[in-house]
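Q: Dropping the structure in here first, questions after.
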Amino acid sequence: PRDTKGTTMKFWESVGVFYGAKDPSYAWPIALVHLNIMLYALTFWLTRPVMPFLSTKLGADAVVFGYLQTVFSFVQLLGAPIIGRLCDTQGAKVALQMCQLATGLSYILLGSAWSIPVLFASQLPTVLMQSMHCSQAFVTDFSSDESRSAALGRLSLSYGVGMALGPMLGGLLSDVIGYHGVAWLAGGLMFVPFFINMYSLPAHRPGMEKDKGEAKGGGLQVTECLKVLKIPTCRNLTIFMLLTGMAGQIYHTTF
């Protein structure tokens, strides 16, 4: 008779090795995080192609759309340290779920936008649209030291899958259900992983209670951030990311 249990265990061991899991028991949670990122990228890029057309439909011109992109980038900048703090104190699971709720709410508001002010209001919940950061924190905690770099790199691979499928599906679906319908669909999809994660992801990362005790009275430590920026490699990488991010936003405003 076929050893189904043994085959299943070997499969998850292989998955764990591929994703760099610290322990074979972490294979499923890390794989689930990759599915989260794939869906996160899919919904994001599902809505991005229809945003310019939806904005135009509501009466926005190129300048207003540029302001809209600026609001999105600004609130994202504000949200990054908030989510980082939540990952440190509450764990990556809680932070990830908050991101998914906020992202879903943003898409639903986008789908419900009937005027320019509501369109801008739909970008405010994106302050917590930081699922990639949460996933990186989760993978960092649950991967081994030797394979951590590869494990983090493979998150980008999962994001790339969603990024490749999203625009195509967004364009096709907009002809069927309209621009608002695409946004509503994206919002509904973001609530699916929220409930799955509630029961399938570990509540706390290893050493969570210890870290929470050490983190009391903390916050955004600007001095420590400046110290990191004094390291040439970190400083150059930060400048590179700043320039590429700026170029990407300029590119998006041309549509």
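Ordering of the structure tokens sets the chain letters (A, B, ...); residue numbers start at 1 within each chain; ligands are numbered from 1 in the order shown.
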Could you pull out the alpha helix (DSSP H) residues of segment 1-225 of chain A, going by DSSP on the backbone, and write them as a count of residues only?
A: 174
Q: Using only C-alpha atoms, which protein or nucleic acid residues come within 8 Å of Ile83 of chain A? Drop anything in the same chain fewer than 4 positions from it, and give the result as a PDB file with N, CA, C and O atoms, in the first residue's frame.
A:
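Result file follows (selection_0.pdb):
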```
ATOM      1  N   GLY A  79       2.723  54.949   7.234  1.00  0.00           N
ATOM      2  CA  GLY A  79       2.325  53.656   7.784  1.00  0.00           C
ATOM      3  C   GLY A  79       3.460  52.687   8.013  1.00  0.00           C
ATOM      4  O   GLY A  79       3.341  51.785   8.859  1.00  0.00           O
ATOM      5  N   CYS A  87       4.670  44.748  14.159  1.00  0.00           N
ATOM      6  CA  CYS A  87       5.351  43.463  13.976  1.00  0.00           C
ATOM      7  C   CYS A  87       6.231  43.141  15.171  1.00  0.00           C
ATOM      8  O   CYS A  87       6.319  41.984  15.600  1.00  0.00           O
ATOM      9  N   ALA A  95      -0.180  42.039  12.558  1.00  0.00           N
ATOM     10  CA  ALA A  95       0.115  43.152  11.656  1.00  0.00           C
ATOM     11  C   ALA A  95      -0.366  42.848  10.239  1.00  0.00           C
ATOM     12  O   ALA A  95      -0.944  43.713   9.564  1.00  0.00           O
ATOM     13  N   LEU A 128      -1.986  51.459   6.038  1.00  0.00           N
ATOM     14  CA  LEU A 128      -1.642  50.128   6.550  1.00  0.00           C
ATOM     15  C   LEU A 128      -1.540  49.093   5.433  1.00  0.00           C
ATOM     16  O   LEU A 128      -1.593  47.889   5.692  1.00  0.00           O
ATOM     17  N   GLN A 130       0.694  47.392   4.003  1.00  0.00           N
ATOM     18  CA  GLN A 130       2.114  47.074   4.186  1.00  0.00           C
ATOM     19  C   GLN A 130       2.316  45.557   4.302  1.00  0.00           C
ATOM     20  O   GLN A 130       3.158  45.082   5.058  1.00  0.00           O
ATOM     21  N   HIS A 133       5.881  44.099   3.983  1.00  0.00           N
ATOM     22  CA  HIS A 133       6.738  44.267   5.158  1.00  0.00           C
ATOM     23  C   HIS A 133       6.431  43.203   6.217  1.00  0.00           C
ATOM     24  O   HIS A 133       7.341  42.639   6.829  1.00  0.00           O
ATOM     25  N   CYS A 134       5.147  42.952   6.442  1.00  0.00           N
ATOM     26  CA  CYS A 134       4.745  41.945   7.432  1.00  0.00           C
ATOM     27  C   CYS A 134       5.214  40.554   7.014  1.00  0.00           C
ATOM     28  O   CYS A 134       5.676  39.770   7.846  1.00  0.00           O
TER      29      CYS A 134
END
```
Q: Pick out the residues sitting within 12 Å of Gly111 of chain A, and hand them over as an MDAnalysis selection string; count only C-alpha atoms, and ignore anything fewer than 4 positions along from it in its own chain.
A: chainID A and resid 47 50:51 54:55 58 104:107 115 118:119 121:123 174 177:188
Q: Could you please determine the separation between atom CA of Met190 of chain A and atom CA of Ala102 of chain A in Å, to one decimal place?
A: 9.2 Å
Q: Nearest to Phe138 of chain A among A:Leu109, A:Cys225, A:Leu39, A:Ala151, with distances taken over only C-alpha atoms: which residue is it?
A: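 With only C-alpha atoms as the atom set, the closest residue is A:Ala151.
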Q: Give me, please, the distance in Å between atom CA of Pro193 of chain A and atom CA of Gln97 of chain A, quoted to one decimal.
A: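 One can read the atom CA of Pro193 of chain A to atom CA of Gln97 of chain A distance as 8.2 Å.
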Q: For Gly162 of chain A, which residue out of A:Ile37, A:Val222, A:Cys99, A:Leu110 is the nearest one, using only C-alpha atoms?
A: A:Ile37
Q: How many Å separate atom CA of Leu35 of chain A from atom CA of Phe74 of chain A?
A: 27.3 Å
Q: If you count only C-alpha atoms, which residues fall within 12 Å of Ala60 of chain A, apart from same-chain ones fewer than 2 positions away, as a PDB file with N, CA and C atoms, in the first residue's frame?
A:
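out33.pdb was written with the following content:
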```
ATOM      1  N   MET A  51      -7.298  52.366 -12.276  1.00  0.00           N
ATOM      2  CA  MET A  51      -7.314  53.622 -11.521  1.00  0.00           C
ATOM      3  C   MET A  51      -7.346  54.859 -12.417  1.00  0.00           C
ATOM      4  N   PRO A  52      -6.476  54.955 -13.438  1.00  0.00           N
ATOM      5  CA  PRO A  52      -6.521  56.151 -14.286  1.00  0.00           C
ATOM      6  C   PRO A  52      -7.863  56.327 -14.996  1.00  0.00           C
ATOM      7  N   PHE A  53      -8.441  55.216 -15.462  1.00  0.00           N
ATOM      8  CA  PHE A  53      -9.713  55.290 -16.175  1.00  0.00           C
ATOM      9  C   PHE A  53     -10.859  55.645 -15.224  1.00  0.00           C
ATOM     10  N   LEU A  54     -10.814  55.078 -14.011  1.00  0.00           N
ATOM     11  CA  LEU A  54     -11.834  55.396 -13.013  1.00  0.00           C
ATOM     12  C   LEU A  54     -11.735  56.867 -12.610  1.00  0.00           C
ATOM     13  N   SER A  55     -10.508  57.362 -12.451  1.00  0.00           N
ATOM     14  CA  SER A  55     -10.305  58.769 -12.095  1.00  0.00           C
ATOM     15  C   SER A  55     -10.844  59.693 -13.186  1.00  0.00           C
ATOM     16  N   THR A  56     -10.549  59.337 -14.441  1.00  0.00           N
ATOM     17  CA  THR A  56     -11.040  60.137 -15.567  1.00  0.00           C
ATOM     18  C   THR A  56     -12.558  60.120 -15.631  1.00  0.00           C
ATOM     19  N   LYS A  57     -13.138  58.969 -15.361  1.00  0.00           N
ATOM     20  CA  LYS A  57     -14.602  58.829 -15.364  1.00  0.00           C
ATOM     21  C   LYS A  57     -15.247  59.730 -14.324  1.00  0.00           C
ATOM     22  N   LEU A  58     -14.547  59.952 -13.199  1.00  0.00           N
ATOM     23  CA  LEU A  58     -15.074  60.799 -12.134  1.00  0.00           C
ATOM     24  C   LEU A  58     -14.737  62.272 -12.338  1.00  0.00           C
ATOM     25  N   ALA A  62      -5.018  64.931 -15.354  1.00  0.00           N
ATOM     26  CA  ALA A  62      -3.694  64.382 -15.065  1.00  0.00           C
ATOM     27  C   ALA A  62      -3.110  64.948 -13.773  1.00  0.00           C
ATOM     28  N   VAL A  63      -3.372  66.232 -13.511  1.00  0.00           N
ATOM     29  CA  VAL A  63      -2.841  66.868 -12.295  1.00  0.00           C
ATOM     30  C   VAL A  63      -3.480  66.256 -11.048  1.00  0.00           C
ATOM     31  N   VAL A  64      -4.791  66.092 -11.076  1.00  0.00           N
ATOM     32  CA  VAL A  64      -5.498  65.508  -9.932  1.00  0.00           C
ATOM     33  C   VAL A  64      -5.046  64.070  -9.705  1.00  0.00           C
ATOM     34  N   PHE A  65      -4.852  63.335 -10.797  1.00  0.00           N
ATOM     35  CA  PHE A  65      -4.373  61.953 -10.644  1.00  0.00           C
ATOM     36  C   PHE A  65      -2.975  61.931 -10.039  1.00  0.00           C
ATOM     37  N   GLY A  66      -2.149  62.907 -10.385  1.00  0.00           N
ATOM     38  CA  GLY A  66      -0.829  63.020  -9.772  1.00  0.00           C
ATOM     39  C   GLY A  66      -0.927  63.274  -8.279  1.00  0.00           C
ATOM     40  N   TYR A  67      -1.871  64.133  -7.877  1.00  0.00           N
ATOM     41  CA  TYR A  67      -2.096  64.382  -6.453  1.00  0.00           C
ATOM     42  C   TYR A  67      -2.552  63.098  -5.746  1.00  0.00           C
ATOM     43  N   LEU A  68      -3.380  62.340  -6.452  1.00  0.00           N
ATOM     44  CA  LEU A  68      -3.873  61.086  -5.875  1.00  0.00           C
ATOM     45  C   LEU A  68      -2.726  60.129  -5.593  1.00  0.00           C
ATOM     46  N   TRP A 114     -17.886  57.846  -5.900  1.00  0.00           N
ATOM     47  CA  TRP A 114     -18.771  58.524  -6.840  1.00  0.00           C
ATOM     48  C   TRP A 114     -18.336  59.965  -7.094  1.00  0.00           C
ATOM     49  N   SER A 115     -17.258  60.368  -6.408  1.00  0.00           N
ATOM     50  CA  SER A 115     -16.752  61.722  -6.589  1.00  0.00           C
ATOM     51  C   SER A 115     -15.255  61.736  -6.310  1.00  0.00           C
ATOM     52  N   ILE A 116     -14.597  62.828  -6.652  1.00  0.00           N
ATOM     53  CA  ILE A 116     -13.163  62.972  -6.448  1.00  0.00           C
ATOM     54  C   ILE A 116     -12.790  62.901  -4.957  1.00  0.00           C
ATOM     55  N   PRO A 117     -13.528  63.585  -4.044  1.00  0.00           N
ATOM     56  CA  PRO A 117     -13.178  63.478  -2.617  1.00  0.00           C
ATOM     57  C   PRO A 117     -13.212  62.047  -2.085  1.00  0.00           C
ATOM     58  N   LEU A 119     -12.727  59.406  -3.864  1.00  0.00           N
ATOM     59  CA  LEU A 119     -11.582  58.746  -4.497  1.00  0.00           C
ATOM     60  C   LEU A 119     -10.322  58.977  -3.662  1.00  0.00           C
ATOM     61  N   PHE A 120     -10.135  60.211  -3.190  1.00  0.00           N
ATOM     62  CA  PHE A 120      -8.987  60.505  -2.331  1.00  0.00           C
ATOM     63  C   PHE A 120      -9.130  59.814  -0.976  1.00  0.00           C
TER      64      PHE A 120
END
```
Q: Go through A:Gly170, A:Gly84, A:Gly160, A:Pro125 one by one, measure the shortest atom-to-atom distance of each to Ala137 of chain A using only C-alpha atoms, and give the residue with the smallest value.
A: A:Gly84
